[in-house]
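What follows is the content of data.txt, which has compact mmCIF, C-alpha atoms and all ligand atoms:
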# COMPACT_ATOMS: atom_id res chain seq x y z
CA MET A 1 -6.00 9.05 -1.18
CA THR A 2 -9.27 7.25 -1.81
CA ILE A 3 -9.68 4.59 -4.52
CA GLU A 4 -11.72 7.13 -6.52
CA GLN A 5 -8.89 9.65 -6.35
CA LEU A 6 -6.46 6.94 -7.42
CA THR A 7 -8.57 5.93 -10.43
CA SER A 8 -8.82 9.61 -11.44
CA ALA A 9 -5.06 9.97 -11.12
CA TYR A 10 -4.65 6.90 -13.31
CA LYS A 11 -6.93 8.43 -15.95
CA ALA A 12 -4.98 11.67 -15.87
CA ALA A 13 -1.69 9.77 -16.28
CA TYR A 14 -2.69 7.35 -19.05
CA GLN A 15 -5.89 8.84 -20.60
CA LYS A 16 -7.83 5.63 -19.96
CA SER A 17 -9.28 3.69 -17.04
CA ALA A 18 -7.40 1.17 -14.91
CA THR A 19 -8.78 -2.35 -15.36
CA ASP A 20 -7.29 -3.82 -12.18
CA ILE A 21 -6.28 -2.45 -8.78
CA PHE A 22 -4.18 -4.31 -6.18
CA PHE A 23 -2.75 -3.53 -2.75
CA SER A 24 0.03 -4.95 -0.62
CA PRO A 25 0.99 -3.71 2.86
CA GLY A 26 4.11 -2.56 4.66
CA ARG A 27 5.03 -4.43 7.82
CA VAL A 28 6.35 -3.98 11.30
CA ASN A 29 8.24 -6.62 13.27
CA LEU A 30 6.78 -6.83 16.79
CA ILE A 31 9.60 -8.91 18.29
CA GLY A 32 12.39 -11.25 17.14
CA GLU A 33 15.12 -8.89 15.87
CA HIS A 34 18.35 -10.12 14.26
CA THR A 35 17.15 -13.67 14.82
CA ASP A 36 16.30 -14.41 11.17
CA TYR A 37 19.82 -15.17 9.96
CA ASN A 38 20.49 -17.16 13.15
CA GLY A 39 17.78 -19.74 12.47
CA GLY A 40 15.27 -18.14 14.85
CA PHE A 41 11.73 -16.85 14.62
CA VAL A 42 10.45 -13.40 13.77
CA PHE A 43 7.00 -12.04 14.59
CA PRO A 44 5.92 -9.34 12.11
CA CYS A 45 2.46 -8.13 11.17
CA ALA A 46 1.16 -6.47 8.02
CA LEU A 47 0.05 -2.85 8.35
CA SER A 48 -3.12 -1.25 7.07
CA PHE A 49 -0.96 1.06 4.95
CA GLY A 50 1.03 -0.04 1.95
CA THR A 51 1.30 0.26 -1.82
CA TYR A 52 -1.47 0.39 -4.43
CA LEU A 53 -0.94 -0.72 -8.02
CA LEU A 54 -3.35 0.31 -10.78
CA MET A 55 -2.92 -1.14 -14.24
CA ALA A 56 -4.41 -1.77 -17.67
CA PRO A 57 -3.01 -3.56 -20.73
CA ASN A 58 -1.61 -1.54 -23.63
CA ASP A 59 -0.91 -2.43 -27.25
CA GLU A 60 2.52 -0.82 -27.34
CA GLN A 61 4.68 -3.84 -26.42
CA LYS A 62 5.96 -1.67 -23.57
CA MET A 63 5.84 -1.72 -19.78
CA ASN A 64 5.13 1.81 -18.57
CA PHE A 65 5.81 2.68 -14.92
CA ARG A 66 4.61 5.76 -13.06
CA SER A 67 4.32 6.60 -9.39
CA LEU A 68 2.33 9.29 -7.64
CA ASN A 69 5.12 9.40 -5.04
CA ILE A 70 8.09 10.01 -7.36
CA ASP A 71 8.18 12.04 -10.58
CA ALA A 72 10.47 9.86 -12.72
CA THR A 73 8.60 7.72 -15.28
CA TYR A 74 9.91 4.68 -17.18
CA SER A 75 8.85 3.12 -20.47
CA LEU A 76 10.56 -0.16 -21.31
CA PRO A 77 10.11 -2.44 -24.33
CA LEU A 78 9.12 -6.01 -23.46
CA THR A 79 12.52 -7.13 -24.71
CA GLN A 80 14.30 -5.07 -22.00
CA LEU A 81 12.63 -6.26 -18.84
CA THR A 82 15.49 -8.29 -17.42
CA GLU A 83 18.10 -5.51 -17.24
CA VAL A 84 18.68 -3.47 -14.09
CA LEU A 85 18.03 0.28 -14.54
CA PRO A 86 20.91 2.59 -13.54
CA ASN A 87 21.01 5.22 -10.77
CA LYS A 88 18.92 3.37 -8.21
CA ALA A 89 15.78 3.96 -10.29
CA TRP A 90 12.64 3.25 -8.26
CA ALA A 91 11.22 1.19 -11.13
CA ASN A 92 13.86 -1.47 -10.40
CA TYR A 93 11.56 -2.84 -7.69
CA PRO A 94 8.61 -3.72 -9.98
CA LEU A 95 10.93 -4.43 -12.90
CA GLY A 96 12.91 -6.89 -10.78
CA VAL A 97 9.67 -8.73 -10.01
CA ILE A 98 8.59 -8.91 -13.65
CA ALA A 99 12.08 -10.17 -14.53
CA GLN A 100 11.58 -13.09 -12.11
CA PHE A 101 8.41 -14.12 -13.97
CA ILE A 102 10.29 -13.98 -17.27
CA LYS A 103 13.20 -15.98 -15.81
CA ARG A 104 10.71 -18.65 -14.80
CA GLY A 105 9.64 -18.96 -18.43
CA VAL A 106 6.46 -16.89 -18.29
CA ALA A 107 5.78 -15.18 -21.63
CA LEU A 108 4.44 -11.63 -21.87
CA THR A 109 2.36 -11.05 -24.98
CA HIS A 110 1.70 -7.35 -24.40
CA GLY A 111 2.64 -4.48 -22.11
CA TYR A 112 0.84 -2.75 -19.24
CA ASP A 113 0.42 0.85 -18.12
CA ILE A 114 1.16 0.77 -14.40
CA LEU A 115 0.67 3.38 -11.69
CA PHE A 116 1.79 3.06 -8.06
CA TRP A 117 0.86 5.01 -4.98
CA GLY A 118 2.12 4.21 -1.51
CA ASN A 119 1.27 5.54 1.95
CA VAL A 120 4.09 3.77 3.80
CA PRO A 121 6.85 6.30 4.52
CA ALA A 122 9.67 5.18 2.20
CA GLY A 123 13.04 4.37 3.75
CA ALA A 124 11.69 4.25 7.32
CA GLY A 125 12.12 0.52 7.76
CA LEU A 126 8.43 -0.28 7.29
CA SER A 127 9.26 -1.94 3.99
CA SER A 128 7.74 0.18 1.30
CA SER A 129 10.10 -1.70 -1.02
CA ALA A 130 8.65 -5.10 -0.11
CA ALA A 131 5.11 -3.70 -0.43
CA MET A 132 5.93 -2.55 -3.95
CA GLU A 133 7.54 -5.86 -4.90
CA VAL A 134 4.77 -8.00 -3.50
CA VAL A 135 1.94 -5.92 -4.99
CA THR A 136 3.63 -6.29 -8.38
CA ALA A 137 4.14 -10.04 -7.93
CA PHE A 138 0.55 -10.49 -6.78
CA ALA A 139 -0.82 -8.48 -9.73
CA PHE A 140 1.17 -10.29 -12.41
CA ASN A 141 0.42 -13.65 -10.81
CA GLU A 142 -3.30 -12.88 -11.16
CA LEU A 143 -3.17 -11.37 -14.65
CA LEU A 144 -0.80 -13.94 -16.15
CA GLY A 145 -2.54 -16.84 -14.38
CA THR A 146 0.75 -18.25 -13.08
CA GLY A 147 -0.80 -19.68 -9.90
CA TYR A 148 2.16 -19.13 -7.57
CA ASP A 149 1.25 -19.33 -3.88
CA ARG A 150 1.88 -16.41 -1.50
CA THR A 151 5.14 -17.85 -0.21
CA GLU A 152 6.41 -18.10 -3.79
CA LEU A 153 5.34 -14.49 -4.41
CA ALA A 154 7.35 -13.44 -1.34
CA LYS A 155 10.40 -15.29 -2.71
CA ILE A 156 9.96 -13.54 -6.07
CA GLY A 157 9.90 -10.18 -4.26
CA GLN A 158 13.01 -11.04 -2.25
CA LYS A 159 14.87 -12.11 -5.42
CA ALA A 160 13.90 -8.82 -7.07
CA GLU A 161 15.30 -6.90 -4.10
CA HIS A 162 18.55 -8.92 -4.22
CA GLU A 163 19.09 -8.69 -7.96
CA PHE A 164 17.58 -5.33 -8.92
CA ALA A 165 18.01 -3.21 -5.77
CA GLY A 166 21.24 -4.87 -4.62
CA VAL A 167 19.93 -5.31 -1.06
CA MET A 168 20.62 -8.80 0.33
CA CYS A 169 17.56 -8.79 2.58
CA GLY A 170 16.02 -11.78 4.35
CA ILE A 171 12.53 -13.02 3.53
CA MET A 172 10.58 -11.50 6.45
CA ASP A 173 9.42 -8.29 4.77
CA GLN A 174 8.07 -9.82 1.58
CA PHE A 175 6.63 -12.73 3.54
CA ALA A 176 4.69 -10.45 5.88
CA SER A 177 3.43 -8.34 2.98
CA ALA A 178 2.23 -11.45 1.13
CA GLN A 179 0.92 -13.57 4.02
CA GLY A 180 -0.35 -10.96 6.49
CA LYS A 181 -3.82 -11.22 7.94
CA GLN A 182 -5.97 -8.63 9.68
CA ASP A 183 -5.61 -8.81 13.50
CA HIS A 184 -2.94 -11.51 13.27
CA ALA A 185 0.84 -11.53 13.52
CA ILE A 186 3.03 -14.02 11.70
CA TYR A 187 5.20 -16.37 13.75
CA LEU A 188 7.71 -17.24 11.07
CA ASN A 189 10.81 -19.40 10.96
CA CYS A 190 12.85 -17.68 8.27
CA ASP A 191 14.88 -20.84 7.65
CA THR A 192 12.08 -23.30 6.95
CA LEU A 193 9.40 -20.70 6.10
CA HIS A 194 7.06 -22.58 8.39
CA PHE A 195 4.64 -20.08 9.91
CA ASP A 196 1.61 -19.69 12.14
CA LEU A 197 -0.86 -16.82 12.11
CA VAL A 198 -1.37 -15.81 15.75
CA PRO A 199 -4.50 -13.76 16.59
CA ILE A 200 -3.62 -10.42 18.16
CA LYS A 201 -6.70 -8.66 19.44
CA LEU A 202 -5.66 -5.39 20.99
CA GLU A 203 -8.63 -4.15 22.97
CA GLY A 204 -8.12 -0.54 23.98
CA ILE A 205 -4.50 -0.72 22.85
CA LYS A 206 -2.85 0.46 19.62
CA VAL A 207 0.38 -0.30 17.83
CA VAL A 208 2.11 3.08 17.59
CA ILE A 209 5.07 3.48 15.26
CA ALA A 210 7.52 6.34 15.77
CA ASN A 211 9.85 7.33 12.96
CA THR A 212 13.29 8.68 13.96
CA HIS A 213 13.79 10.34 10.56
CA SER A 214 17.41 9.58 11.29
CA PRO A 215 19.74 9.20 8.35
CA HIS A 216 21.93 6.67 10.21
CA HIS A 217 20.76 3.31 8.98
CA LEU A 218 22.33 -0.01 9.76
CA ASP A 219 24.79 -0.15 6.90
CA SER A 220 25.86 -3.36 5.25
CA GLY A 221 29.25 -3.17 7.04
CA ALA A 222 27.71 -3.13 10.52
CA TYR A 223 25.22 -5.81 9.44
CA ASN A 224 27.90 -8.07 8.01
CA ASP A 225 29.95 -7.63 11.22
CA ARG A 226 27.02 -8.93 13.26
CA VAL A 227 26.58 -11.91 10.93
CA ARG A 228 30.30 -12.75 11.25
CA GLN A 229 30.32 -12.37 15.03
CA CYS A 230 27.38 -14.77 15.31
CA GLN A 231 29.17 -17.24 13.03
CA LEU A 232 32.28 -17.03 15.19
CA ALA A 233 30.20 -17.82 18.28
CA VAL A 234 28.62 -20.82 16.50
CA GLN A 235 32.03 -22.05 15.44
CA GLN A 236 33.50 -21.85 18.95
CA ILE A 237 30.44 -23.36 20.62
CA SER A 238 30.53 -26.22 18.10
CA ALA A 239 33.77 -27.44 19.68
CA VAL A 240 31.80 -28.49 22.76
CA ARG A 241 28.30 -28.84 21.33
CA PRO A 242 27.66 -29.21 17.60
CA ILE A 243 25.17 -26.57 16.38
CA LYS A 244 24.43 -24.97 13.02
CA ASN A 245 22.62 -21.91 14.37
CA LEU A 246 22.56 -19.98 17.62
CA ALA A 247 18.78 -20.39 17.72
CA GLU A 248 19.27 -24.09 18.53
CA LEU A 249 20.47 -23.15 22.03
CA SER A 250 18.09 -22.59 24.91
CA GLN A 251 19.16 -20.03 27.50
CA ALA A 252 20.10 -22.90 29.85
CA ASP A 253 22.24 -24.46 27.09
CA PHE A 254 23.91 -21.12 26.51
CA LEU A 255 24.87 -20.74 30.17
CA GLN A 256 26.63 -24.10 29.95
CA VAL A 257 28.67 -23.33 26.85
CA GLU A 258 29.14 -19.55 26.83
CA THR A 259 32.65 -19.62 28.34
CA VAL A 260 34.06 -21.17 25.13
CA ILE A 261 33.32 -17.93 23.23
CA THR A 262 36.65 -16.17 23.63
CA ASP A 263 35.74 -12.90 21.92
CA PRO A 264 33.69 -10.69 24.29
CA VAL A 265 31.86 -8.99 21.41
CA ALA A 266 30.84 -12.31 19.83
CA HIS A 267 29.73 -13.42 23.30
CA ARG A 268 27.43 -10.43 23.69
CA ARG A 269 26.01 -10.92 20.18
CA ALA A 270 25.27 -14.58 20.90
CA ARG A 271 23.65 -13.71 24.23
CA HIS A 272 21.28 -11.34 22.43
CA VAL A 273 20.29 -13.93 19.83
CA VAL A 274 19.66 -16.72 22.35
CA GLY A 275 17.70 -14.35 24.59
CA GLU A 276 15.72 -12.89 21.70
CA VAL A 277 14.71 -16.33 20.43
CA GLN A 278 13.40 -17.14 23.92
CA ARG A 279 11.64 -13.77 24.21
CA THR A 280 9.94 -14.29 20.87
CA MET A 281 8.64 -17.71 21.92
CA ASP A 282 7.51 -16.27 25.26
CA ALA A 283 5.83 -13.33 23.53
CA VAL A 284 3.79 -15.60 21.26
CA GLN A 285 2.76 -17.69 24.26
CA ALA A 286 1.84 -14.55 26.19
CA LEU A 287 -0.44 -13.46 23.34
CA GLN A 288 -2.07 -16.85 23.15
CA GLN A 289 -2.80 -16.58 26.89
CA GLY A 290 -4.14 -13.06 26.48
CA ASN A 291 -1.29 -11.61 28.56
CA ILE A 292 -0.61 -8.45 26.59
CA GLU A 293 1.22 -6.83 29.54
CA LEU A 294 3.87 -9.56 29.40
CA PHE A 295 4.07 -9.18 25.62
CA GLY A 296 4.86 -5.48 26.12
CA GLN A 297 7.50 -6.19 28.76
CA LEU A 298 9.23 -8.62 26.42
CA MET A 299 9.29 -5.93 23.71
CA THR A 300 11.04 -3.58 26.12
CA GLN A 301 13.56 -6.28 27.13
CA SER A 302 14.20 -6.88 23.44
CA HIS A 303 15.18 -3.23 22.99
CA ILE A 304 17.52 -3.33 26.00
CA SER A 305 19.25 -6.42 24.61
CA LEU A 306 19.56 -4.83 21.15
CA ARG A 307 21.01 -1.73 22.83
CA ASP A 308 23.48 -3.35 25.23
CA ASP A 309 24.40 -6.69 23.67
CA TYR A 310 23.75 -6.35 19.95
CA GLU A 311 24.59 -2.62 19.87
CA VAL A 312 22.35 -1.70 16.94
CA THR A 313 20.07 0.93 18.49
CA GLY A 314 21.99 4.22 18.54
CA PRO A 315 21.01 7.50 20.25
CA GLN A 316 17.90 8.20 18.15
CA LEU A 317 16.13 4.87 18.69
CA ASP A 318 17.20 4.86 22.34
CA ALA A 319 15.77 8.35 22.84
CA LEU A 320 12.38 7.27 21.44
CA ALA A 321 12.20 4.00 23.39
CA GLU A 322 13.46 5.45 26.67
CA ALA A 323 10.98 8.33 26.50
CA ALA A 324 8.16 5.86 25.80
CA TRP A 325 9.00 3.63 28.78
CA LYS A 326 8.37 6.52 31.20
CA ILE A 327 4.76 6.98 30.13
CA ASP A 328 1.83 5.40 31.98
CA GLY A 329 -0.19 3.35 29.54
CA VAL A 330 2.80 2.21 27.48
CA LEU A 331 2.99 -1.58 27.68
CA GLY A 332 6.28 -1.85 25.83
CA SER A 333 8.43 -0.09 23.27
CA ARG A 334 11.34 -1.21 21.12
CA MET A 335 13.29 -0.50 17.96
CA THR A 336 12.10 -2.47 14.95
CA GLY A 337 14.03 -3.39 11.82
CA GLY A 338 17.79 -3.50 11.36
CA GLY A 339 18.62 -0.64 13.70
CA PHE A 340 20.39 2.75 14.08
CA GLY A 341 17.59 4.53 12.24
CA GLY A 342 14.08 3.70 11.15
CA CYS A 343 11.30 3.27 13.67
CA THR A 344 10.28 2.12 17.12
CA VAL A 345 7.12 0.12 17.71
CA SER A 346 5.15 0.57 20.93
CA LEU A 347 1.98 -0.85 22.45
CA VAL A 348 0.05 2.08 23.90
CA LYS A 349 -3.31 2.24 25.68
CA ASP A 350 -5.80 4.36 23.71
CA GLU A 351 -6.14 7.00 26.42
CA ALA A 352 -2.34 7.45 26.63
CA ILE A 353 -1.75 8.04 22.90
CA PRO A 354 -1.98 11.87 22.92
CA THR A 355 0.43 12.06 25.90
CA PHE A 356 2.70 9.54 24.18
CA ILE A 357 2.95 11.55 20.99
CA GLU A 358 3.46 14.82 22.83
CA ARG A 359 6.05 13.67 25.39
CA VAL A 360 8.01 11.24 23.26
CA GLY A 361 8.10 13.80 20.44
CA LYS A 362 9.29 16.55 22.78
CA GLU A 363 11.95 14.49 24.53
CA TYR A 364 13.19 13.14 21.20
CA THR A 365 13.68 16.62 19.78
CA GLU A 366 15.40 17.82 22.96
CA LYS A 367 17.84 14.92 22.88
CA THR A 368 18.55 14.67 19.16
CA GLY A 369 17.50 17.91 17.46
CA LEU A 370 15.34 15.83 15.11
CA LYS A 371 11.57 15.65 14.75
CA ALA A 372 9.83 12.30 15.10
CA ASP A 373 6.68 11.26 13.25
CA PHE A 374 4.01 8.99 14.69
CA TYR A 375 1.66 6.56 12.97
CA ILE A 376 -1.16 4.69 14.65
CA ALA A 377 -1.17 1.35 12.88
CA GLU A 378 -3.90 -1.18 12.35
CA ILE A 379 -2.91 -4.76 11.57
CA GLY A 380 -4.17 -5.34 8.04
CA ASP A 381 -4.41 -8.04 5.38
CA GLY A 382 -1.64 -9.18 3.06
CA ALA A 383 -1.62 -8.63 -0.71
CA HIS A 384 -5.07 -8.57 -2.31
CA ARG A 385 -7.13 -7.33 -5.22
CA VAL A 386 -8.95 -4.06 -4.49
CA ARG A 387 -11.01 -4.01 -7.66
P1 LIG B 1 11.88 0.80 3.07
O1 LIG B 1 11.65 -0.51 2.39
O2 LIG B 1 12.31 0.67 4.48
O3 LIG B 1 10.72 1.74 2.93
P2 LIG B 1 13.90 1.01 1.03
O4 LIG B 1 15.05 1.92 0.84
O5 LIG B 1 14.12 -0.45 1.06
O6 LIG B 1 13.12 1.49 2.34
O7 LIG B 1 12.84 1.26 -0.13
C1 LIG B 1 12.46 2.58 -0.46
C2 LIG B 1 12.52 2.75 -1.96
O8 LIG B 1 11.48 1.97 -2.60
C3 LIG B 1 12.27 4.16 -2.41
O9 LIG B 1 13.47 4.91 -2.38
C4 LIG B 1 11.77 3.96 -3.83
O10 LIG B 1 12.85 3.71 -4.72
C5 LIG B 1 10.98 2.65 -3.71
N1 LIG B 1 9.55 2.92 -3.50
C6 LIG B 1 8.81 2.48 -2.45
N2 LIG B 1 7.51 2.89 -2.59
C7 LIG B 1 7.44 3.58 -3.74
C8 LIG B 1 6.38 4.24 -4.46
N3 LIG B 1 5.13 4.27 -4.00
N4 LIG B 1 6.69 4.84 -5.64
C9 LIG B 1 7.95 4.79 -6.14
N5 LIG B 1 8.98 4.20 -5.52
C10 LIG B 1 8.75 3.60 -4.34
MG MG B 2 13.14 -1.98 2.03

Could you express the structure from this file as structure tokens?
Ligand code: ADP
Ligand code: MG
Amino acid sequence: MTIEQLTSAYKAAYQKSATDIFFSPGRVNLIGEHTDYNGGFVFPCALSFGTYLLMAPNDEQKMNFRSLNIDATYSLPLTQLTEVLPNKAWANYPLGVIAQFIKRGVALTHGYDILFWGNVPAGAGLSSSAAMEVVTAFAFNELLGTGYDRTELAKIGQKAEHEFAGVMCGIMDQFASAQGKQDHAIYLNCDTLHFDLVPIKLEGIKVVIANTHSPHHLDSGAYNDRVRQCQLAVQQISAVRPIKNLAELSQADFLQVETVITDPVAHRRARHVVGEVQRTMDAVQALQQGNIELFGQLMTQSHISLRDDYEVTGPQLDALAEAAWKIDGVLGSRMTGGGFGGCTVSLVKDEAIPTFIERVGKEYTEKTGLKADFYIAEIGDGAHRVR
């Protein structure tokens, strides 16, 4: 949809014009998977697709929420903006953000008529939820003049997701949506929130995202198991070498201490984390040296480690990645996000993209009976005002 179509849709919904339009992107993590809660780095970038928010003040003392993506509409008095809506209502995402402003003592003197439209596929692991949270935080920060910086807006979005969607996510998604920059990826330490924007100029190469459309997402049980297994490894290693996080170990350190991890599963999990931290550092260095081939190889190694040691890929993501690796012109391909479902991310030479889509799509359907979708992504800017 164009901005003109969006403003017309707003008029049709609210019988007046939108006064302000904002946008915040979805994200894809290029490398550094399951490192965030182990004190390591992640390396996401913001996408050129995301969520638009159109709004205008009203004199009803109500916050009205509509979306062009979902039919349900919500109209809430200003006195009811800190209560979670039942039945996983979509409006919990923006509501949760507004509630954070209120909890910080910000007063609302009137309501707004709000309309969302997103072009990130929802539930695919590209963080349509973070895009919606951050666009709301960015908009209210501007209109209420609260002056929070982008990192604070990301934290507000994360809190909203914890408290109003019940998803105990890390900070990466909201951070990337808030801090993203065109043609840059974000080298982020999720513990300290220290970050660097690393230029990523892909000449003749595109980031291609493939969606498994698989219903099997990493559930909180499997996620919590991984967290516990990593903690067990830290605990056992600490007997011979005091550490707080697995990310503190280099691969050489790990080889010296790995025999103290008695549980073979915890050992494999730890090996993934230590290796992935190293791969992420190497990948950033490769980019800085213009060695995009090496960057791609590290992505592929990341997938193999997530498949064999961390065991979070599953047949659908494996089918997509393994089909991609066979194609000339694919520099690297890996699962992205928590795992089991969601998407893969691949670096593909321009001339190989049609072959990629055709062959990966065909092999995926043959192996899984499902149909994959492909998106050619540009690396876009973080949250901003459109108009
Ligand atoms: P992901 O963040 O990977 O896309 P989530 O399950 O975390 O998946 O978030 C998807 C949910 O976010 C949707 O089910 C819906 O409730 C909400 N959502 C995202 N974008 C929109 C939108 N444009 N309009 C309404 N709801 C949306
Ligand atoms: Mg989400």

- Task: Throw together the list of residues within 8 Å of ligand LIG 1 (chain B), counting all atoms listed in the file, and drop it here as number ranges by chain.
- Result: A: 51-52, 66-70, 88-93, 116-132, 167, 342

- Go ahead and compute the interatomic distance for CA of Gly296 in chain A and CA of Asp309 in chain A, in Å to one decimal. 19.7 Å

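Distance-wise, CA of Gln179 in chain A and CA of Gly339 in chain A end up 24.0 Å apart.
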
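Between ligand MG 2 (chain B) and the residues A:Gln174, A:Asn58, A:Ser8, A:Ser250, the shortest atom-to-atom distance, using all atoms listed in the file, involves A:Gln174.
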
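Rounded to one decimal, CA of Thr262 in chain A and CA of Ala233 in chain A lie 8.5 Å from each other.
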
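Nearest to Pro44 in chain A of all the residues A:Leu144, A:Leu218, A:Val198, A:Ala137 is A:Val198, counting all atoms listed in the file.
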
- Task: Compare A:Phe43, A:Ile243, A:Pro264, A:Gln100 by their minimum atom-to-atom distance to Glu163 in chain A, counting all atoms listed in the file, and give me the closest one.
- Result: A:Gln100

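Comparing A:Val274, A:Leu76, A:Leu47, A:Ala239 by their smallest distance to Ala176 in chain A, the closest is A:Leu47 (using only C-alpha atoms).
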
- Item | Residues near Gly111 in chain A, cut-off 12 Å, only C-alpha atoms, skip fewer than 2 positions along chain, as a ChimeraX atom specification | /A:55-65,75-81,98,107-109,113-114,140,143-144

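With all atoms listed in the file as the basis for measurement, A:Ala210 is the residue among A:Ile292, A:Ala210, A:Ile21, A:Met168 that approaches Asp318 in chain A most closely.
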
- Tell me which protein, DNA and RNA residues are within 10 Å of range 326-333 of chain A, counting all atoms listed in the file, leaving out same-chain ones fewer than 4 positions away, and put them as a PyMOL selection string. chain A and resi 30+205-210+292-303+320-322+344-353+355-356+359-360

Write a file of the just-selected residues containing C-alpha atoms, as an mmCIF file, keeping the file's coordinate frame.
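In the end it all went to part-v1.cif:
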data_model
loop_
_atom_site.group_PDB
_atom_site.id
_atom_site.type_symbol
_atom_site.label_atom_id
_atom_site.label_comp_id
_atom_site.auth_asym_id
_atom_site.auth_seq_id
_atom_site.Cartn_x
_atom_site.Cartn_y
_atom_site.Cartn_z
ATOM 1 C CA LEU A 30 6.780 -6.830 16.790
ATOM 2 C CA ILE A 205 -4.500 -0.720 22.850
ATOM 3 C CA LYS A 206 -2.850 0.460 19.620
ATOM 4 C CA VAL A 207 0.380 -0.300 17.830
ATOM 5 C CA VAL A 208 2.110 3.080 17.590
ATOM 6 C CA ILE A 209 5.070 3.480 15.260
ATOM 7 C CA ALA A 210 7.520 6.340 15.770
ATOM 8 C CA ILE A 292 -0.610 -8.450 26.590
ATOM 9 C CA GLU A 293 1.220 -6.830 29.540
ATOM 10 C CA LEU A 294 3.870 -9.560 29.400
ATOM 11 C CA PHE A 295 4.070 -9.180 25.620
ATOM 12 C CA GLY A 296 4.860 -5.480 26.120
ATOM 13 C CA GLN A 297 7.500 -6.190 28.760
ATOM 14 C CA LEU A 298 9.230 -8.620 26.420
ATOM 15 C CA MET A 299 9.290 -5.930 23.710
ATOM 16 C CA THR A 300 11.040 -3.580 26.120
ATOM 17 C CA GLN A 301 13.560 -6.280 27.130
ATOM 18 C CA SER A 302 14.200 -6.880 23.440
ATOM 19 C CA HIS A 303 15.180 -3.230 22.990
ATOM 20 C CA LEU A 320 12.380 7.270 21.440
ATOM 21 C CA ALA A 321 12.200 4.000 23.390
ATOM 22 C CA GLU A 322 13.460 5.450 26.670
ATOM 23 C CA THR A 344 10.280 2.120 17.120
ATOM 24 C CA VAL A 345 7.120 0.120 17.710
ATOM 25 C CA SER A 346 5.150 0.570 20.930
ATOM 26 C CA LEU A 347 1.980 -0.850 22.450
ATOM 27 C CA VAL A 348 0.050 2.080 23.900
ATOM 28 C CA LYS A 349 -3.310 2.240 25.680
ATOM 29 C CA ASP A 350 -5.800 4.360 23.710
ATOM 30 C CA GLU A 351 -6.140 7.000 26.420
ATOM 31 C CA ALA A 352 -2.340 7.450 26.630
ATOM 32 C CA ILE A 353 -1.750 8.040 22.900
ATOM 33 C CA THR A 355 0.430 12.060 25.900
ATOM 34 C CA PHE A 356 2.700 9.540 24.180
ATOM 35 C CA ARG A 359 6.050 13.670 25.390
ATOM 36 C CA VAL A 360 8.010 11.240 23.260
#

Using the file's own x, y and z axes, what box holds all listed atoms of range 1-10 of chain A with 3 Å on each side, keeping edges along x, y and z, and what are its centre and edge lengths in Å to one decimal, as JSON?
{"center_x": -8.2, "center_y": 7.3, "center_z": -7.2, "size_x": 13.1, "size_y": 11.4, "size_z": 18.1}

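Closest approach to ligand MG 2 (chain B) from the set A:Val84, A:Ala283, A:Ala160, A:Leu153 is made by A:Ala160, with distances taken over all atoms listed in the file.
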
- Contact residues around Ser24 in chain A with only C-alpha atoms at 9 Å, ignoring same-chain residues under 4 positions, as a PyMOL selection string: chain A and resi 46+49-53+130-136+138+177-178+381-385

Restricted to C-alpha atoms, what would the selected residues look like written as a PDB file, in the frame of the given file?
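out38.pdb, freshly written:
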ATOM      1  CA  ALA A  46       1.160  -6.470   8.020  1.00  0.00           C
ATOM      2  CA  PHE A  49      -0.960   1.060   4.950  1.00  0.00           C
ATOM      3  CA  GLY A  50       1.030  -0.040   1.950  1.00  0.00           C
ATOM      4  CA  THR A  51       1.300   0.260  -1.820  1.00  0.00           C
ATOM      5  CA  TYR A  52      -1.470   0.390  -4.430  1.00  0.00           C
ATOM      6  CA  LEU A  53      -0.940  -0.720  -8.020  1.00  0.00           C
ATOM      7  CA  ALA A 130       8.650  -5.100  -0.110  1.00  0.00           C
ATOM      8  CA  ALA A 131       5.110  -3.700  -0.430  1.00  0.00           C
ATOM      9  CA  MET A 132       5.930  -2.550  -3.950  1.00  0.00           C
ATOM     10  CA  GLU A 133       7.540  -5.860  -4.900  1.00  0.00           C
ATOM     11  CA  VAL A 134       4.770  -8.000  -3.500  1.00  0.00           C
ATOM     12  CA  VAL A 135       1.940  -5.920  -4.990  1.00  0.00           C
ATOM     13  CA  THR A 136       3.630  -6.290  -8.380  1.00  0.00           C
ATOM     14  CA  PHE A 138       0.550 -10.490  -6.780  1.00  0.00           C
ATOM     15  CA  SER A 177       3.430  -8.340   2.980  1.00  0.00           C
ATOM     16  CA  ALA A 178       2.230 -11.450   1.130  1.00  0.00           C
ATOM     17  CA  ASP A 381      -4.410  -8.040   5.380  1.00  0.00           C
ATOM     18  CA  GLY A 382      -1.640  -9.180   3.060  1.00  0.00           C
ATOM     19  CA  ALA A 383      -1.620  -8.630  -0.710  1.00  0.00           C
ATOM     20  CA  HIS A 384      -5.070  -8.570  -2.310  1.00  0.00           C
ATOM     21  CA  ARG A 385      -7.130  -7.330  -5.220  1.00  0.00           C
TER      22      ARG A 385
END

- Item | Distance query Ile261 in chain A at most 12 Å, all atoms listed in the file, self and fewer than 2 positions along chain excluded, as a PyMOL selection string | chain A and resi 229-240+254-259+263-271

- Answer as an MDAnalysis selection string, residues within 9 Å of (16.3, -5.3, 21.1) using only C-alpha atoms: chainID A and resid 31:34 272 276 299:313 334:336
